[in-house]
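Trainee: The file below is final-v5.cif, mmCIF, C-alpha atoms:
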```cif
data_protein
#
loop_
_atom_site.label_atom_id
_atom_site.label_comp_id
_atom_site.auth_asym_id
_atom_site.auth_seq_id
_atom_site.Cartn_x
_atom_site.Cartn_y
_atom_site.Cartn_z
CA MET A 1175 9.61 -10.98 -7.29
CA ARG A 1176 6.31 -12.60 -6.41
CA VAL A 1177 4.52 -9.91 -4.42
CA LEU A 1178 1.44 -10.25 -2.23
CA LEU A 1179 -0.41 -6.93 -2.36
CA THR A 1180 -3.02 -6.60 0.37
CA GLY A 1181 -5.76 -4.10 -0.32
CA HIS A 1182 -5.31 -4.54 -4.06
CA GLN A 1183 -8.94 -3.48 -4.68
CA GLY A 1184 -8.59 -0.28 -2.69
CA TYR A 1185 -7.84 3.32 -3.60
CA LEU A 1186 -4.05 2.92 -3.51
CA GLY A 1187 -3.88 -0.76 -4.46
CA THR A 1188 -5.72 -0.20 -7.73
CA VAL A 1189 -3.05 2.34 -8.72
CA MET A 1190 -0.12 0.34 -7.36
CA ALA A 1191 -0.80 -3.07 -8.91
CA PRO A 1192 -0.19 -1.95 -12.53
CA VAL A 1193 2.99 -0.10 -11.49
CA LEU A 1194 4.37 -3.24 -9.83
CA THR A 1195 3.44 -5.36 -12.84
CA ALA A 1196 5.09 -2.90 -15.23
CA ALA A 1197 8.26 -3.19 -13.14
CA GLY A 1198 8.33 -6.92 -13.86
CA HIS A 1199 6.88 -8.31 -10.63
CA GLU A 1200 4.28 -11.04 -10.35
CA VAL A 1201 1.47 -9.57 -8.26
CA VAL A 1202 -1.13 -11.54 -6.32
CA GLY A 1203 -3.84 -9.74 -4.42
CA LEU A 1204 -5.68 -10.13 -1.15
CA ASP A 1205 -8.64 -7.96 -0.26
CA ALA A 1206 -11.86 -8.19 1.74
CA GLY A 1207 -13.63 -6.51 -1.18
CA LEU A 1208 -15.52 -3.99 0.93
CA PHE A 1209 -14.69 -1.15 -1.49
CA ALA A 1210 -14.20 -3.07 -4.73
CA ASP A 1211 -17.30 -1.46 -6.27
CA CYS A 1212 -16.29 2.13 -5.47
CA VAL A 1213 -15.44 2.71 -9.13
CA LEU A 1214 -15.31 5.92 -11.17
CA GLY A 1215 -14.07 5.43 -14.71
CA PRO A 1216 -12.41 2.45 -16.40
CA THR A 1217 -10.69 0.08 -13.99
CA PRO A 1218 -7.61 -1.92 -15.01
CA ALA A 1219 -7.86 -5.67 -14.62
CA ASP A 1220 -7.11 -6.70 -11.05
CA PRO A 1221 -4.19 -9.05 -10.50
CA PRO A 1222 -5.09 -12.62 -9.53
CA GLY A 1223 -6.33 -12.45 -5.99
CA GLN A 1224 -8.44 -13.82 -3.19
CA ARG A 1225 -11.31 -12.20 -1.31
CA VAL A 1226 -10.17 -12.71 2.27
CA ASP A 1227 -10.63 -10.64 5.39
CA LEU A 1228 -7.23 -9.63 6.79
CA ARG A 1229 -8.17 -11.21 10.12
CA ASP A 1230 -8.67 -14.57 8.40
CA VAL A 1231 -5.35 -14.83 6.57
CA THR A 1232 -3.57 -18.19 6.88
CA ALA A 1233 -0.10 -19.47 6.07
CA GLU A 1234 -1.47 -20.66 2.74
CA HIS A 1235 -2.01 -17.06 1.61
CA VAL A 1236 1.67 -16.17 1.99
CA ALA A 1237 3.16 -19.43 0.75
CA GLY A 1238 5.54 -18.97 -2.19
CA VAL A 1239 5.65 -15.19 -1.81
CA ASP A 1240 8.91 -13.22 -1.93
CA ALA A 1241 7.58 -9.94 -0.57
CA VAL A 1242 4.45 -8.45 0.97
CA ILE A 1243 3.15 -4.93 0.39
CA HIS A 1244 0.60 -4.37 3.10
CA LEU A 1245 -1.95 -1.65 2.33
CA ALA A 1246 -5.15 -3.19 3.69
CA ALA A 1247 -6.68 -1.36 6.67
CA LEU A 1248 -9.64 0.55 7.95
CA SER A 1249 -8.28 3.59 6.29
CA ASN A 1250 -9.16 6.86 7.95
CA ASP A 1251 -9.84 8.68 11.18
CA PRO A 1252 -13.68 8.78 11.09
CA LEU A 1253 -13.79 4.99 10.70
CA GLY A 1254 -11.32 4.54 13.51
CA SER A 1255 -13.25 6.79 15.85
CA LEU A 1256 -16.54 5.06 15.03
CA ALA A 1257 -15.25 1.61 15.97
CA PRO A 1258 -11.82 1.88 17.63
CA GLU A 1259 -11.90 -1.75 18.73
CA LEU A 1260 -12.23 -2.87 15.10
CA THR A 1261 -9.47 -0.49 14.05
CA TYR A 1262 -7.09 -2.10 16.49
CA ASP A 1263 -8.28 -5.61 15.63
CA ILE A 1264 -7.81 -5.12 11.89
CA ASN A 1265 -5.13 -2.47 11.55
CA HIS A 1266 -2.93 -3.61 14.42
CA HIS A 1267 -3.44 -7.23 15.46
CA ALA A 1268 -4.26 -8.66 12.02
CA SER A 1269 -1.38 -6.75 10.43
CA VAL A 1270 1.17 -8.11 12.89
CA ARG A 1271 -0.25 -11.60 12.50
CA LEU A 1272 0.17 -11.31 8.72
CA ALA A 1273 3.78 -10.24 9.20
CA ARG A 1274 4.51 -13.22 11.46
CA LEU A 1275 2.99 -15.60 8.95
CA ALA A 1276 4.99 -13.98 6.17
CA ARG A 1277 8.27 -14.22 8.10
CA ASP A 1278 7.62 -17.86 8.95
CA ALA A 1279 6.88 -18.57 5.27
CA GLY A 1280 10.23 -17.18 4.16
CA VAL A 1281 9.10 -13.75 2.95
CA THR A 1282 12.16 -11.53 2.96
CA ARG A 1283 10.68 -8.03 2.60
CA PHE A 1284 7.55 -6.57 4.19
CA LEU A 1285 6.57 -3.05 3.10
CA TYR A 1286 4.07 -1.59 5.54
CA ALA A 1287 1.82 1.33 4.62
CA SER A 1288 2.08 3.57 7.65
CA THR A 1289 1.18 7.26 7.74
CA CYS A 1290 2.54 10.70 8.53
CA SER A 1291 -0.45 11.00 10.87
CA VAL A 1292 1.75 9.29 13.47
CA TYR A 1293 3.27 12.75 14.10
CA GLY A 1294 -0.16 14.06 15.13
CA ALA A 1295 0.01 17.40 16.89
CA ALA A 1296 3.66 18.00 16.04
CA GLY A 1297 3.31 21.78 16.03
CA GLY A 1298 6.22 24.18 15.59
CA ASP A 1299 7.82 25.47 12.43
CA GLU A 1300 10.43 22.75 11.92
CA LEU A 1301 10.04 20.00 9.35
CA VAL A 1302 9.23 16.68 11.01
CA ALA A 1303 11.71 13.89 10.24
CA GLU A 1304 11.40 10.19 10.97
CA ASP A 1305 13.13 10.41 14.36
CA ALA A 1306 10.64 12.99 15.68
CA PRO A 1307 8.39 12.06 18.62
CA LEU A 1308 5.24 10.20 17.57
CA ARG A 1309 2.07 11.87 18.86
CA PRO A 1310 -0.90 10.08 17.27
CA VAL A 1311 -4.25 11.70 18.13
CA THR A 1312 -6.64 9.13 16.60
CA PRO A 1313 -7.15 5.34 16.87
CA TYR A 1314 -6.15 5.05 13.20
CA ALA A 1315 -2.77 6.72 13.74
CA GLU A 1316 -2.23 4.93 17.04
CA SER A 1317 -2.78 1.58 15.32
CA LYS A 1318 -0.04 2.45 12.83
CA VAL A 1319 2.42 3.26 15.61
CA ARG A 1320 1.70 -0.05 17.31
CA VAL A 1321 2.29 -2.02 14.11
CA GLU A 1322 5.61 -0.28 13.47
CA ASP A 1323 6.73 -1.19 17.01
CA ASP A 1324 5.73 -4.84 16.62
CA LEU A 1325 7.30 -5.18 13.17
CA HIS A 1326 10.56 -3.81 14.58
CA ALA A 1327 10.53 -6.71 17.05
CA LEU A 1328 10.14 -9.18 14.15
CA ALA A 1329 13.04 -7.83 12.08
CA ASP A 1330 16.00 -10.18 11.71
CA ASP A 1331 18.68 -11.18 9.24
CA ASP A 1332 16.13 -12.81 6.96
CA PHE A 1333 13.09 -10.55 7.39
CA THR A 1334 13.18 -6.88 6.42
CA PRO A 1335 10.22 -4.74 7.44
CA VAL A 1336 10.05 -1.21 6.01
CA TYR A 1337 7.71 1.46 7.39
CA MET A 1338 6.41 3.70 4.63
CA ARG A 1339 4.87 6.73 6.32
CA ASN A 1340 2.75 8.10 3.50
CA ALA A 1341 1.64 11.70 3.49
CA THR A 1342 -2.09 12.25 2.91
CA ALA A 1343 -2.88 10.74 -0.47
CA PHE A 1344 -4.58 12.54 -3.33
CA GLY A 1345 -5.28 12.01 -7.01
CA HIS A 1346 -7.57 10.05 -9.24
CA SER A 1347 -7.80 6.30 -8.81
CA PRO A 1348 -10.29 4.11 -10.67
CA ARG A 1349 -11.44 3.09 -7.18
CA LEU A 1350 -12.02 6.54 -5.83
CA ARG A 1351 -11.99 7.93 -2.32
CA ALA A 1352 -13.74 11.26 -1.80
CA ASP A 1353 -13.05 11.45 1.94
CA ILE A 1354 -9.45 12.67 1.75
CA VAL A 1355 -8.77 16.36 1.69
CA LEU A 1356 -7.86 17.29 -1.90
CA ASN A 1357 -10.20 14.74 -3.50
CA ASN A 1358 -13.01 16.00 -1.29
CA LEU A 1359 -12.45 19.69 -1.89
CA VAL A 1360 -12.29 19.26 -5.68
CA GLY A 1361 -15.50 17.22 -5.70
CA HIS A 1362 -17.34 19.71 -3.53
CA ALA A 1363 -16.15 22.58 -5.71
CA LEU A 1364 -17.39 20.95 -8.90
CA LEU A 1365 -20.74 19.91 -7.46
CA SER A 1366 -21.54 23.09 -5.53
CA GLY A 1367 -19.30 25.83 -6.91
CA GLU A 1368 -17.81 26.25 -3.46
CA VAL A 1369 -14.52 25.09 -1.92
CA LEU A 1370 -15.80 24.47 1.59
CA VAL A 1371 -13.30 24.34 4.47
CA LEU A 1372 -14.85 23.54 7.85
CA SER A 1373 -11.65 24.08 9.87
CA ASP A 1374 -9.99 27.46 10.22
CA GLY A 1375 -7.67 26.56 7.32
CA THR A 1376 -4.44 27.01 9.28
CA PRO A 1377 -3.29 23.39 9.85
CA TRP A 1378 -0.40 22.14 7.74
CA ARG A 1379 -0.85 18.98 5.72
CA PRO A 1380 1.72 16.97 3.77
CA LEU A 1381 0.17 15.54 0.59
CA VAL A 1382 1.33 12.91 -1.91
CA HIS A 1383 -0.20 11.58 -5.12
CA ALA A 1384 -1.31 7.93 -5.24
CA ALA A 1385 0.97 7.35 -8.24
CA ASP A 1386 3.99 8.67 -6.34
CA ILE A 1387 3.17 6.33 -3.45
CA ALA A 1388 3.09 3.45 -5.94
CA ARG A 1389 6.47 4.47 -7.35
CA ALA A 1390 7.97 4.75 -3.87
CA PHE A 1391 6.82 1.29 -2.82
CA THR A 1392 8.08 -0.20 -6.07
CA ALA A 1393 11.48 1.39 -5.49
CA ALA A 1394 11.67 0.21 -1.87
CA LEU A 1395 10.78 -3.32 -2.91
CA THR A 1396 14.12 -3.90 -4.62
CA ALA A 1397 16.33 -1.38 -2.83
CA PRO A 1398 19.49 -2.77 -1.20
CA ARG A 1399 18.64 -4.34 2.13
CA GLU A 1400 21.05 -2.14 4.04
CA ALA A 1401 19.31 0.98 2.70
CA VAL A 1402 15.83 0.09 3.98
CA HIS A 1403 16.07 -2.66 6.62
CA ASP A 1404 13.87 -1.92 9.65
CA ARG A 1405 13.67 1.78 8.76
CA ALA A 1406 10.86 4.31 8.63
CA PHE A 1407 10.51 6.64 5.64
CA ASN A 1408 8.28 9.64 5.12
CA ILE A 1409 6.82 9.37 1.62
CA GLY A 1410 6.05 12.63 -0.15
CA SER A 1411 7.67 15.92 -1.15
CA GLU A 1412 8.35 19.14 0.75
CA VAL A 1413 6.69 21.18 -2.02
CA ASN A 1414 3.42 19.52 -1.04
CA ASN A 1415 3.58 20.67 2.58
CA VAL A 1416 0.63 23.06 2.42
CA THR A 1417 -1.99 24.56 4.70
CA VAL A 1418 -5.61 23.57 4.27
CA ALA A 1419 -6.33 27.13 3.13
CA GLU A 1420 -3.61 26.87 0.48
CA ILE A 1421 -5.08 23.57 -0.71
CA ALA A 1422 -8.45 25.31 -1.05
CA GLU A 1423 -6.93 28.08 -3.16
CA GLN A 1424 -5.32 25.51 -5.49
CA VAL A 1425 -8.72 23.84 -5.89
CA ALA A 1426 -10.38 27.16 -6.72
CA GLU A 1427 -7.80 27.69 -9.47
CA ALA A 1428 -8.47 24.20 -10.88
CA VAL A 1429 -12.28 24.46 -10.83
CA SER A 1430 -13.48 27.40 -12.89
CA GLY A 1431 -15.83 29.68 -10.99
CA ALA A 1432 -15.41 27.99 -7.62
CA LYS A 1433 -15.11 30.23 -4.56
CA VAL A 1434 -13.34 29.43 -1.31
CA ARG A 1435 -15.38 29.55 1.90
CA ILE A 1436 -13.60 28.91 5.20
CA THR A 1437 -16.20 28.56 7.94
CA GLY A 1438 -13.99 27.60 10.86
CA GLU A 1439 -16.96 25.82 12.42
CA ASN A 1440 -14.85 22.82 13.39
CA GLY A 1441 -12.19 25.03 14.95
CA ALA A 1442 -8.47 24.45 14.76
CA ASP A 1443 -7.52 20.88 13.87
CA PRO A 1444 -4.94 19.51 16.36
CA ARG A 1445 -3.23 17.62 13.51
CA SER A 1446 -0.79 20.07 12.01
CA TYR A 1447 2.67 19.18 10.76
CA ARG A 1448 5.13 19.78 7.93
CA VAL A 1449 7.25 16.82 6.97
CA ASP A 1450 10.84 16.23 5.89
CA PHE A 1451 11.08 13.64 3.10
CA ALA A 1452 14.85 13.68 2.59
CA ARG A 1453 15.59 10.27 4.12
CA PHE A 1454 13.81 8.32 1.38
CA ARG A 1455 15.51 10.33 -1.37
CA ALA A 1456 18.86 9.54 0.24
CA ALA A 1457 18.06 5.83 0.48
CA ILE A 1458 16.72 5.65 -3.09
CA PRO A 1459 18.98 7.85 -5.26
CA GLY A 1460 17.10 9.43 -8.11
CA PHE A 1461 13.67 9.15 -6.53
CA ASP A 1462 11.46 12.20 -6.20
CA CYS A 1463 7.74 12.81 -6.35
CA GLU A 1464 6.36 13.93 -9.70
CA TRP A 1465 2.96 15.34 -8.70
CA THR A 1466 2.16 18.73 -7.16
CA VAL A 1467 -1.06 19.64 -5.41
CA LYS A 1468 -1.98 21.99 -8.27
CA ARG A 1469 -1.47 19.32 -10.91
CA GLY A 1470 -3.45 16.83 -8.83
CA ALA A 1471 -6.36 19.24 -8.44
CA LEU A 1472 -6.50 19.71 -12.19
CA GLU A 1473 -6.35 15.93 -12.76
CA LEU A 1474 -9.19 15.31 -10.30
CA ALA A 1475 -11.40 18.02 -11.77
CA GLU A 1476 -10.92 16.59 -15.26
CA ALA A 1477 -11.61 13.00 -14.13
CA TYR A 1478 -14.69 13.95 -12.12
CA GLN A 1479 -16.16 15.77 -15.11
CA LYS A 1480 -15.15 13.13 -17.65
CA PHE A 1481 -16.63 10.23 -15.71
CA GLY A 1482 -19.75 12.01 -14.49
CA LEU A 1483 -19.32 12.30 -10.72
CA THR A 1484 -22.69 12.83 -9.04
CA LYS A 1485 -23.52 14.31 -5.64
CA LYS A 1486 -25.02 11.03 -4.45
CA ASP A 1487 -21.96 8.99 -5.40
CA PHE A 1488 -19.64 11.65 -3.99
CA GLU A 1489 -21.33 11.54 -0.60
CA GLN A 1490 -22.11 7.82 -0.44
CA ARG A 1491 -20.28 5.48 -2.82
CA PHE A 1492 -16.89 7.19 -2.52
CA THR A 1493 -16.95 7.90 1.22
CA ARG A 1494 -15.64 4.97 3.24
CA LEU A 1495 -17.81 5.49 6.31
CA ALA A 1496 -20.98 5.80 4.22
CA VAL A 1497 -20.13 2.61 2.28
CA LEU A 1498 -19.70 0.58 5.45
CA ARG A 1499 -22.84 1.99 7.04
CA ALA A 1500 -24.84 1.14 3.93
CA ALA A 1501 -23.44 -2.40 3.88
CA SER A 1502 -24.30 -2.80 7.56
CA ASP A 1503 -27.82 -1.39 7.16
CA ALA A 1504 -28.42 -3.77 4.25
CA GLY A 1505 -27.25 -6.74 6.31
CA ALA A 1506 -24.39 -7.44 3.92
CA VAL A 1507 -21.78 -7.26 6.71
CA ASP A 1508 -21.99 -8.17 10.38
CA ASP A 1509 -20.96 -6.13 13.41
CA THR A 1510 -17.32 -7.06 12.83
CA LEU A 1511 -17.46 -5.81 9.21
CA ARG A 1512 -17.15 -9.32 7.81
CA TRP A 1513 -19.30 -10.37 4.88
CA ARG A 1514 -22.32 -12.42 5.89
CA ARG A 1515 -22.20 -15.79 4.22
#
```
Show me, as structure tokens, the structure contained in the file I just sent.
Mentor:
Amino acid sequence: MRVLLTGHQGYLGTVMAPVLTAAGHEVVGLDAGLFADCVLGPTPADPPGQRVDLRDVTAEHVAGVDAVIHLAALSNDPLGSLAPELTYDINHHASVRLARLARDAGVTRFLYASTCSVYGAAGGDELVAEDAPLRPVTPYAESKVRVEDDLHALADDDFTPVYMRNATAFGHSPRLRADIVLNNLVGHALLSGEVLVLSDGTPWRPLVHAADIARAFTAALTAPREAVHDRAFNIGSEVNNVTVAEIAEQVAEAVSGAKVRITGENGADPRSYRVDFARFRAAIPGFDCEWTVKRGALELAEAYQKFGLTKKDFEQRFTRLAVLRAASDAGAVDDTLRWRR
């Protein structure tokens, strides 16, 4: 298939593009390029692509494409809370506009990168499945819910949207993010000798490796239509449903000499949920995640040491909010986060 991969120069896209190519697909990219320089270690060659803001996509960008994998977004809660209007403009409105253009251009499959954060303050001891109530507690998660609703309205006999609700990603990517929980805790442990947890450590988090996300999307791309059409799937593994405190202990085991310190200064996080991932395994026989949290912590520690992670880069170049603030302060982007020409 000829696949348009939005966000191909991002944390997940940089891992996913080679997986898609290895599966025999022709990949073309589309990315605003805001985080293209957030590199740690050798980076594989990007697929052919265009530097385009998601809000400026035209019919030309989806012409001749068989499928779209849509990863591009303002990608975490701090960004969304800083500028919720931009989160909705980019993550919601521009995403739905892209889907409409894709459907009108004859694209048959649209894989949307949603999130398990849509379950928000799920609470309780039961595993959360795809038919559970959605309780987003941030603009980022709310934008994902809105897109899923609007894509459902676009689904028809010729256009198959699929809602891939990824657990919280972890693992090394050549375009690193340090502002997601496992990546952050490993970096802090290596640079300070301390695994610092600012919450009380009790919230549950479902985690999934970037490579397993790439494998899941690749599998969904060619799955029988009846197995995936207009359906939501949690992407991850039950073995990676862990508390923040348990994540911290895994990091301490991976980073020699590191000690766990749980301060609780931020109190109890309202986002706490354990997730059921059985539906995707049933739809895609033979699929299961390969990475555990422990293995991912070891991988990150090795990569950080091998490629010389520094405190400055950890706090600035690999933290999304810091990157955008620096670009804004330098006048490289305007108030809408578009590049100045």
Trainee: Would you kindly translate the PyMOL selection byres ((chain A and resi 1409-1422) around 6) into the concrete residues it picks from this file, as a PyMOL selection string?
Mentor: chain A and resi 1339-1341+1375-1382+1408+1423-1425+1448+1451
Trainee: When you draw a straight line from CA of Cys1463 in chain A to CA of Ala1406 in chain A, how long is it in Å?
Mentor: 17.5 Å
Trainee: Between CA of Pro1335 in chain A and CA of Ile1264 in chain A, what is the distance in Å, rounded to a tenth?
Mentor: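 About the pair CA of Pro1335 in chain A and CA of Ile1264 in chain A: they are 18.6 Å apart.
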Trainee: Determine the nearest neighbour of Gln1490 in chain A from the options A:Glu1464, A:Asp1211, A:Asp1305, A:Asp1330, counting all atoms listed in the file.
Mentor: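 Closest to Gln1490 in chain A of all the choices is A:Asp1211.
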Trainee: Assuming the chain letters and numbering stay as they are in my file, what does the PyMOL selection byres ((chain A and resi 1479) around 12) actually select? List them as number ranges by chain.
Mentor: A: 1214-1215, 1346, 1360-1361, 1363-1365, 1429, 1472-1478, 1480-1484
Trainee: Applying 7 Å and all atoms listed in the file, which residues near range 1195-1204 of chain A remain after dropping the ones on its own chain fewer than 4 positions away? List them as JSON, numbers by chain.
Mentor: {"A": [1175, 1176, 1177, 1178, 1179, 1180, 1181, 1182, 1191, 1221, 1222, 1223, 1224, 1225, 1226]}
Trainee: Check the smallest atom-to-atom distance from each of A:Ala1343, A:Ala1246, A:Leu1325, A:Val1193 to Ala1393 in chain A using only C-alpha atoms, then report the winner.
Mentor: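 Smallest distance to Ala1393 in chain A is found for A:Val1193.
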Trainee: For the structure shown, which residues end up in the PyMOL selection byres ((chain A and resi 1367-1374) around 6)? Put them as a list of chain:residue names, please?
Mentor: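 Evaluating the PyMOL selection byres ((chain A and resi 1367-1374) around 6) on these coordinates yields A:Leu1359, A:Ala1363, A:Leu1364, A:Ser1366, A:Gly1375, A:Thr1376, A:Ala1432, A:Lys1433, A:Val1434, A:Arg1435, A:Ile1436, A:Thr1437, A:Gly1438, A:Glu1439, A:Asn1440, A:Gly1441, A:Ala1442.
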Trainee: Restricted to C-alpha atoms, what would the selected residues look like written as a tab-separated table (two decimals), in the coordinates of the input?
Mentor:
```
chain	number	residue	atom	x	y	z
A	1359	LEU	CA	-12.45	19.69	-1.89
A	1363	ALA	CA	-16.15	22.58	-5.71
A	1364	LEU	CA	-17.39	20.95	-8.90
A	1366	SER	CA	-21.54	23.09	-5.53
A	1375	GLY	CA	-7.67	26.56	7.32
A	1376	THR	CA	-4.44	27.01	9.28
A	1432	ALA	CA	-15.41	27.99	-7.62
A	1433	LYS	CA	-15.11	30.23	-4.56
A	1434	VAL	CA	-13.34	29.43	-1.31
A	1435	ARG	CA	-15.38	29.55	1.90
A	1436	ILE	CA	-13.60	28.91	5.20
A	1437	THR	CA	-16.20	28.56	7.94
A	1438	GLY	CA	-13.99	27.60	10.86
A	1439	GLU	CA	-16.96	25.82	12.42
A	1440	ASN	CA	-14.85	22.82	13.39
A	1441	GLY	CA	-12.19	25.03	14.95
A	1442	ALA	CA	-8.47	24.45	14.76
```
Trainee: Go through A:Leu1498, A:Leu1328, A:Leu1228, A:Ala1303 and flag the residue nearest Ser1269 in chain A, using all atoms listed in the file for the distances.
Mentor: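 When distances to Ser1269 in chain A are compared using all atoms listed in the file, the smallest one comes from A:Leu1228.
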Trainee: If I take CA of Ser1291 in chain A and CA of Asn1265 in chain A, how far is one from the other in Å, to one decimal?
Mentor: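 Between CA of Ser1291 in chain A and CA of Asn1265 in chain A the gap is 14.3 Å.
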Trainee: Choose the residue, out of A:Ala1384, A:Ala1273, A:Val1302, A:Leu1350, that has the smallest atom-to-atom separation from Tyr1447 in chain A; count all atoms listed in the file.
Mentor: A:Val1302
Trainee: Which is closer to Ala1237 in chain A than all the others in A:Arg1320, A:Arg1469, A:His1266, A:Arg1277, using only C-alpha atoms?
Mentor: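 Among the listed residues, the smallest separation from Ala1237 in chain A belongs to A:Arg1277.
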Trainee: Neighbours of Arg1309 in chain A within 8 Å (all atoms listed in the file; same-chain residues fewer than 2 positions away dropped), as a PyMOL selection string?
Mentor: chain A and resi 1292-1296+1307+1311
Trainee: Dump as a PyMOL selection string all residues having an atom at most 12 Å from (-8.8, -0.6, -2.2), computed in the file's coordinates with all atoms listed in the file.
Mentor: chain A and resi 1179-1191+1203-1213+1217+1220+1225+1244-1249+1347-1351+1384+1492+1494
